[in-house]
Amino acid sequence: QVRLVESGGGLVQAGGSLRLSCAASGIIPSLNSMGWYRQAPGKQRELVASITSFGSTNYGDSVKGRSTISRDNAKNTVHLQMNSLKPEDTAVYYCNLKRLVPESDYWGPGTQVTVSS
């Protein structure tokens, strides 16, 4: 099993920055993708950013150019730096670890990010 623990959420003013971190523990599949999804009230969960164990990144359209995802494979951690935050970035952010072969998803409990205008 995989356990994901998130940190770094909170309240920030529009235009500010935030860094989310996620640490994975347990039996970590060697081929994986770690990343962040978010879900705002009344909306579907959407991809924020992800990064594979070999460094390939993918960003959601809403955060491209404002966010940077990175990971430390030795520590099984992933970090998301978000800049120029907007009120529409307000959501619960979930850490995700996706085993690539065979595909399977693990989720963290979520951390609230609130951006005030």
# chains A, B, ... in the order shown; residues from 1 in each chain; ligands from 1
call {"tool": "residues_around", "arguments": {"residues": "Gly35 of chain A", "least_positions_apart": "5", "cutoff": "6 Å", "atoms": "only C-alpha atoms", "output": "MDAnalysis selection string"}}
result
chainID A and resid 49:50 95:96
call {"tool": "residues_around", "arguments": {"residues": "Ser53 of chain A", "least_positions_apart": "4", "cutoff": "10 Å", "atoms": "only C-alpha atoms", "output": "list of chain:residue names"}}
result
A:Pro29, A:Ser30, A:Leu31, A:Asn32, A:Ser33, A:Met34, A:Thr57, A:Arg71, A:Asp72, A:Asn73, A:Asn76, A:Leu100
call {"tool": "write_last_selection", "arguments": {"atoms": "N, CA, C and O atoms", "output": "mmCIF file, in the first residue's frame"}}
result
data_model
loop_
_atom_site.group_PDB
_atom_site.id
_atom_site.type_symbol
_atom_site.label_atom_id
_atom_site.label_comp_id
_atom_site.auth_asym_id
_atom_site.auth_seq_id
_atom_site.Cartn_x
_atom_site.Cartn_y
_atom_site.Cartn_z
ATOM 1 N N PRO A 29 5.767 1.931 -6.256
ATOM 2 C CA PRO A 29 6.118 1.326 -7.546
ATOM 3 C C PRO A 29 7.203 2.149 -8.239
ATOM 4 O O PRO A 29 7.190 3.377 -8.191
ATOM 5 N N SER A 30 8.149 1.471 -8.863
ATOM 6 C CA SER A 30 9.290 2.176 -9.455
ATOM 7 C C SER A 30 8.870 3.035 -10.641
ATOM 8 O O SER A 30 9.419 4.131 -10.837
ATOM 9 N N LEU A 31 7.922 2.559 -11.439
ATOM 10 C CA LEU A 31 7.417 3.360 -12.559
ATOM 11 C C LEU A 31 6.144 4.044 -12.094
ATOM 12 O O LEU A 31 5.109 3.403 -11.940
ATOM 13 N N ASN A 32 6.236 5.333 -11.879
ATOM 14 C CA ASN A 32 5.055 6.029 -11.369
ATOM 15 C C ASN A 32 5.034 7.474 -11.817
ATOM 16 O O ASN A 32 6.020 8.002 -12.344
ATOM 17 N N SER A 33 3.921 8.086 -11.613
ATOM 18 C CA SER A 33 3.751 9.514 -11.818
ATOM 19 C C SER A 33 3.204 10.083 -10.526
ATOM 20 O O SER A 33 2.263 9.531 -9.958
ATOM 21 N N MET A 34 3.806 11.165 -10.048
ATOM 22 C CA MET A 34 3.278 11.846 -8.861
ATOM 23 C C MET A 34 2.803 13.229 -9.269
ATOM 24 O O MET A 34 3.396 13.863 -10.159
ATOM 25 N N THR A 57 7.022 15.988 -17.368
ATOM 26 C CA THR A 57 6.004 16.774 -16.673
ATOM 27 C C THR A 57 4.786 17.039 -17.543
ATOM 28 O O THR A 57 4.862 17.035 -18.774
ATOM 29 N N ARG A 71 10.298 16.780 -8.185
ATOM 30 C CA ARG A 71 10.240 15.614 -7.306
ATOM 31 C C ARG A 71 11.642 15.192 -6.908
ATOM 32 O O ARG A 71 12.628 15.505 -7.594
ATOM 33 N N ASP A 72 11.686 14.498 -5.785
ATOM 34 C CA ASP A 72 12.921 13.900 -5.292
ATOM 35 C C ASP A 72 12.670 12.407 -5.200
ATOM 36 O O ASP A 72 11.977 11.945 -4.283
ATOM 37 N N ASN A 73 13.193 11.661 -6.151
ATOM 38 C CA ASN A 73 12.916 10.222 -6.193
ATOM 39 C C ASN A 73 13.501 9.495 -4.985
ATOM 40 O O ASN A 73 12.926 8.516 -4.509
ATOM 41 N N ASN A 76 11.015 10.163 -2.309
ATOM 42 C CA ASN A 76 9.611 9.925 -2.691
ATOM 43 C C ASN A 76 8.728 11.125 -2.353
ATOM 44 O O ASN A 76 7.646 10.989 -1.764
ATOM 45 N N LEU A 100 2.152 3.218 -13.044
ATOM 46 C CA LEU A 100 1.966 3.242 -14.492
ATOM 47 C C LEU A 100 1.653 1.864 -15.076
ATOM 48 O O LEU A 100 0.876 1.761 -16.021
#
call {"tool": "atom_distance", "arguments": {"atom1": "atom CA of Val12 of chain A", "atom2": "atom CA of Leu97 of chain A"}}
result
26.0 Å
call {"tool": "residues_around", "arguments": {"residues": "Gln112 of chain A", "least_positions_apart": "2", "cutoff": "8 Å", "atoms": "only C-alpha atoms", "output": "PyMOL selection string"}}
result
chain A and resi 9-10+90-93+110+114
call {"tool": "write_last_selection", "arguments": {"atoms": "C-alpha atoms", "output": "PDB file, in the first residue's frame"}}
result
ATOM      1  CA  GLY A   9      -1.973  24.451   1.914  1.00  0.00           C
ATOM      2  CA  GLY A  10      -3.550  27.516   3.461  1.00  0.00           C
ATOM      3  CA  THR A  90      -9.208  28.079  -4.588  1.00  0.00           C
ATOM      4  CA  ALA A  91      -9.846  24.351  -4.189  1.00  0.00           C
ATOM      5  CA  VAL A  92      -8.927  21.237  -2.286  1.00  0.00           C
ATOM      6  CA  TYR A  93      -5.631  19.996  -3.689  1.00  0.00           C
ATOM      7  CA  GLY A 110      -6.368  16.664   0.369  1.00  0.00           C
ATOM      8  CA  THR A 114      -7.848  29.457  -0.470  1.00  0.00           C
TER       9      THR A 114
END
call {"tool": "atom_distance", "arguments": {"atom1": "atom CA of Ala24 of chain A", "atom2": "atom CA of Ile51 of chain A"}}
result
13.9 Å
call {"tool": "closest_residue", "arguments": {"among": "A:Val48, A:Leu11, A:Ile28, A:Leu4", "to": "Leu80 of chain A", "atoms": "only C-alpha atoms"}}
result
A:Val48
call {"tool": "residues_around", "arguments": {"residues": "Ser25 of chain A", "least_positions_apart": "6", "cutoff": "12 Å", "atoms": "only C-alpha atoms", "output": "PyMOL selection string"}}
result
chain A and resi 1-6+73-77+97+106+108
call {"tool": "write_last_selection", "arguments": {"atoms": "N, CA, C and O atoms", "output": "CSV table (one decimal), in the first residue's frame"}}
result
chain,number,residue,atom,x,y,z
A,1,GLN,N,0.8,-1.2,0.0
A,1,GLN,CA,0.0,0.0,0.0
A,1,GLN,C,0.9,1.2,0.0
A,1,GLN,O,2.0,1.2,0.4
A,2,VAL,N,0.3,2.3,-0.5
A,2,VAL,CA,1.0,3.6,-0.6
A,2,VAL,C,0.2,4.6,0.3
A,2,VAL,O,-1.0,4.7,0.2
A,3,ARG,N,1.0,5.4,1.1
A,3,ARG,CA,0.4,6.4,1.9
A,3,ARG,C,1.0,7.8,1.4
A,3,ARG,O,2.2,7.9,1.2
A,4,LEU,N,0.1,8.7,1.2
A,4,LEU,CA,0.5,10.1,0.8
A,4,LEU,C,0.1,11.1,1.9
A,4,LEU,O,-1.0,11.1,2.3
A,5,VAL,N,1.1,11.9,2.2
A,5,VAL,CA,0.8,13.0,3.2
A,5,VAL,C,1.2,14.3,2.6
A,5,VAL,O,2.3,14.6,2.1
A,6,GLU,N,0.2,15.2,2.6
A,6,GLU,CA,0.3,16.5,1.9
A,6,GLU,C,0.6,17.6,3.0
A,6,GLU,O,0.2,17.5,4.2
A,73,ASN,N,13.2,11.7,-6.2
A,73,ASN,CA,12.9,10.2,-6.2
A,73,ASN,C,13.5,9.5,-5.0
A,73,ASN,O,12.9,8.5,-4.5
A,74,ALA,N,14.6,10.0,-4.5
A,74,ALA,CA,15.2,9.3,-3.3
A,74,ALA,C,14.4,9.4,-2.1
A,74,ALA,O,14.4,8.5,-1.2
A,75,LYS,N,13.6,10.6,-2.0
A,75,LYS,CA,12.8,10.8,-0.8
A,75,LYS,C,11.3,10.5,-1.1
A,75,LYS,O,10.5,10.7,-0.2
A,76,ASN,N,11.0,10.2,-2.3
A,76,ASN,CA,9.6,9.9,-2.7
A,76,ASN,C,8.7,11.1,-2.4
A,76,ASN,O,7.6,11.0,-1.8
A,77,THR,N,9.2,12.3,-2.7
A,77,THR,CA,8.4,13.5,-2.5
A,77,THR,C,8.2,14.3,-3.8
A,77,THR,O,9.0,14.2,-4.7
A,97,LEU,N,-0.5,9.6,-6.6
A,97,LEU,CA,0.6,8.8,-7.1
A,97,LEU,C,-0.1,7.7,-8.0
A,97,LEU,O,-1.0,7.0,-7.6
A,106,TYR,N,-3.3,6.2,-6.3
A,106,TYR,CA,-3.4,6.4,-4.8
A,106,TYR,C,-3.6,7.9,-4.6
A,106,TYR,O,-3.0,8.7,-5.3
A,108,GLY,N,-3.9,11.3,-1.6
A,108,GLY,CA,-3.8,11.8,-0.3
A,108,GLY,C,-5.2,12.3,0.1
A,108,GLY,O,-6.1,12.4,-0.6
call {"tool": "select_by_dssp", "arguments": {"residues": "segment 28-60 of chain A", "states": "strand (DSSP E or B)", "output": "ChimeraX atom specification"}}
result
/A:32-39,46-52,57-59
